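Shown next, in structure tokens, is the structure this report addresses.
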Amino acid sequence: VSWKDLGLPDDRPVHVFDFWNKDYLGAWEKGISLELLPASTRLLSLVPATNQIQLVSTSRHITQGWVDLISRRLEGNRYTGKSKLIRNDPYHLWFAFPRGKHFAIKSATASGLPVRITNHQGWAEVEITPRRTAEVSWEIVFEPASGYHFSVREPLKLWAEPAGNDGVNLRWTIPAQPAAGYEVSLNGTSLGFTPTQVFALRSLSPDTSYTAEVRTVWQDGTRSEKAAKLQFDLKKIQRSDIFLSELDPVRLTPGWRQPELNGRDLRMPTNSEIEFELNSTYDIFTSFVSTSDNGKIEFTVIGDGAELWHGGPQDRSVKVEVKNVRRLTLRVRRVDEGGRIYGDWTDVRLSKRNP
């Protein structure tokens, strides 16, 4: 996630809070990279950092304040506000501190309701338990606190694993010591941070050699003096063949019925197209085509706007030269009367001739 792409300032820290996991992920410049496990979701609150204590999230709704927060005000180290609370639904307020400054919640009150305080390094949490649905005024007082600091060391090992045809996932191992995050640079330019040991690089050129650097970062922004370094060439580390489903489409025919990528296969409704960016990386496209519906279907393979192969489902085996093709388009069209039916591309692969 790039701050610049989102219209956020990328030259100063942005607080990142993970709403579903109720976890503060730190304040980082440029952007952040996170790994999603299968069937998982992250909802991030992004708040440009200031030199004051900031409210970064509330628990009532995924918009984190728009539905529930009526007012808020910070005067010195005293934060006051009013929120719409729901009976017996614990309400959380999460606060983040300026980078390098340490605070703790001294006291918290909420119209006589039960309140629980949890202080962390760099952030704090208040939980209010309402007895009825109502608007509740709350007051939270912060005080300076002592913080701890660890001298961070660079990662021990750095490697790149291919991702699609235009990217890699950088991964590394770490020494047995605490760390708040890791800064990743590519060819001397900082791209952003990650609290984990993986960083996604995308839209890379196959004709460029890259140097990646990873530095360990502590919560106050202190970086390790040394960096783990890796030089890599996209063409050299890519696999000799991949399934088309491993690539992200760059264009789909608009409509509620769209092509379905599933493992090795691609299912397309008639009168639809799907397009992929190949960047002249692979030499051969192979597949089997078929349809389980009655009706006549035409399959077409297009490279950079030129037709490379055309046939019906009776031409089951497809092998097409795609050397030097930058954009690959697949099209399925119905040639007789009737509604939309489906054409199947099975075991769709891209491969290199001389791996």
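A note on labels: chains of the structure tokens are A, B, ... as shown, every chain counts residues from 1, and ligands are counted from 1 in their shown order.
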message = Quick check for you: according to DSSP on this backbone, which residues of stretch 75-280 of chain A are classed as helix (DSSP H, G or I)? Reply as a VMD selection string.
response = chain A and resid 234 to 237 244 to 246
Close residues, stretch 292-297 of chain A itself excluded, 6 Å, only C-alpha atoms, min 4 positions apart in chain, as a PDB file with N, CA and C atoms, in the first residue's frame:
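Dumped to out.pdb:
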ATOM      1  N   GLY A 312     -12.468 -23.356 -32.858  1.00  0.00           N
ATOM      2  CA  GLY A 312     -13.621 -23.766 -32.074  1.00  0.00           C
ATOM      3  C   GLY A 312     -13.236 -24.830 -31.075  1.00  0.00           C
ATOM      4  N   ARG A 333     -16.325 -16.135 -28.071  1.00  0.00           N
ATOM      5  CA  ARG A 333     -17.473 -15.537 -28.756  1.00  0.00           C
ATOM      6  C   ARG A 333     -18.440 -16.632 -29.208  1.00  0.00           C
ATOM      7  N   ARG A 334     -19.717 -16.355 -29.074  1.00  0.00           N
ATOM      8  CA  ARG A 334     -20.734 -17.283 -29.564  1.00  0.00           C
ATOM      9  C   ARG A 334     -21.098 -16.895 -30.998  1.00  0.00           C
ATOM     10  N   VAL A 335     -21.171 -17.914 -31.892  1.00  0.00           N
ATOM     11  CA  VAL A 335     -21.396 -17.625 -33.307  1.00  0.00           C
ATOM     12  C   VAL A 335     -22.772 -18.077 -33.804  1.00  0.00           C
ATOM     13  N   ASP A 336     -23.602 -18.661 -32.924  1.00  0.00           N
ATOM     14  CA  ASP A 336     -24.962 -18.996 -33.331  1.00  0.00           C
ATOM     15  C   ASP A 336     -25.939 -18.251 -32.431  1.00  0.00           C
TER      16      ASP A 336
END
request  = For atom CA of A:Thr129 and atom CA of A:Asp89, determine how far apart the two atoms are, in Å to one decimal place.
outcome  = 6.5 Å
task = Extract, using only C-alpha atoms, all DNA, RNA and protein residues at most 6 Å from stretch 52-59 of chain A, discarding same-chain residues fewer than 2 positions from it, and format them as a ChimeraX atom specification.
result = /A:50,61,64-65,91-98
Could those residues be written to a file, using N, CA and C atoms, as a short mmCIF file (atom, residue, chain, number, x, y, z; two decimals), in the first residue's frame?
data_model
loop_
_atom_site.label_atom_id
_atom_site.label_comp_id
_atom_site.auth_asym_id
_atom_site.auth_seq_id
_atom_site.Cartn_x
_atom_site.Cartn_y
_atom_site.Cartn_z
N THR A 50 1.07 13.42 13.61
CA THR A 50 1.40 14.78 14.03
C THR A 50 2.31 14.68 15.25
N HIS A 61 -17.81 0.69 14.53
CA HIS A 61 -18.14 0.46 13.13
C HIS A 61 -16.87 0.44 12.31
N GLN A 64 -14.83 3.49 11.76
CA GLN A 64 -13.98 3.87 12.88
C GLN A 64 -14.11 5.34 13.27
N GLY A 65 -15.34 5.75 13.56
CA GLY A 65 -15.58 7.10 14.03
C GLY A 65 -16.72 7.79 13.33
N TYR A 91 -17.06 -0.67 23.98
CA TYR A 91 -16.62 0.36 23.04
C TYR A 91 -15.15 0.67 23.29
N HIS A 92 -14.34 0.60 22.22
CA HIS A 92 -12.90 0.80 22.35
C HIS A 92 -12.47 2.10 21.66
N LEU A 93 -11.55 2.79 22.30
CA LEU A 93 -10.87 3.95 21.73
C LEU A 93 -9.38 3.63 21.70
N TRP A 94 -8.75 3.78 20.52
CA TRP A 94 -7.33 3.49 20.41
C TRP A 94 -6.57 4.77 20.06
N PHE A 95 -5.51 5.04 20.81
CA PHE A 95 -4.72 6.24 20.65
C PHE A 95 -3.28 5.88 20.30
N ALA A 96 -2.66 6.67 19.43
CA ALA A 96 -1.25 6.48 19.08
C ALA A 96 -0.48 7.73 19.46
N PHE A 97 0.79 7.54 19.78
CA PHE A 97 1.63 8.64 20.25
C PHE A 97 2.60 9.08 19.17
N PRO A 98 3.10 10.30 19.24
CA PRO A 98 4.11 10.75 18.27
C PRO A 98 5.34 9.86 18.34
#
task = Go through A:Thr41, A:Gln197, A:Asn187, A:Asn262 and flag the residue nearest A:Leu230, using only C-alpha atoms for the distances.
result =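 The answer is A:Asn187, which sits nearest to A:Leu230.
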task = List the neighbours of A:Gln177 out to 9 Å using only C-alpha atoms; skip same-chain residues closer than 4 positions along the sequence, and give me the result as a PyMOL selection string.
result = chain A and resi 150+152-153
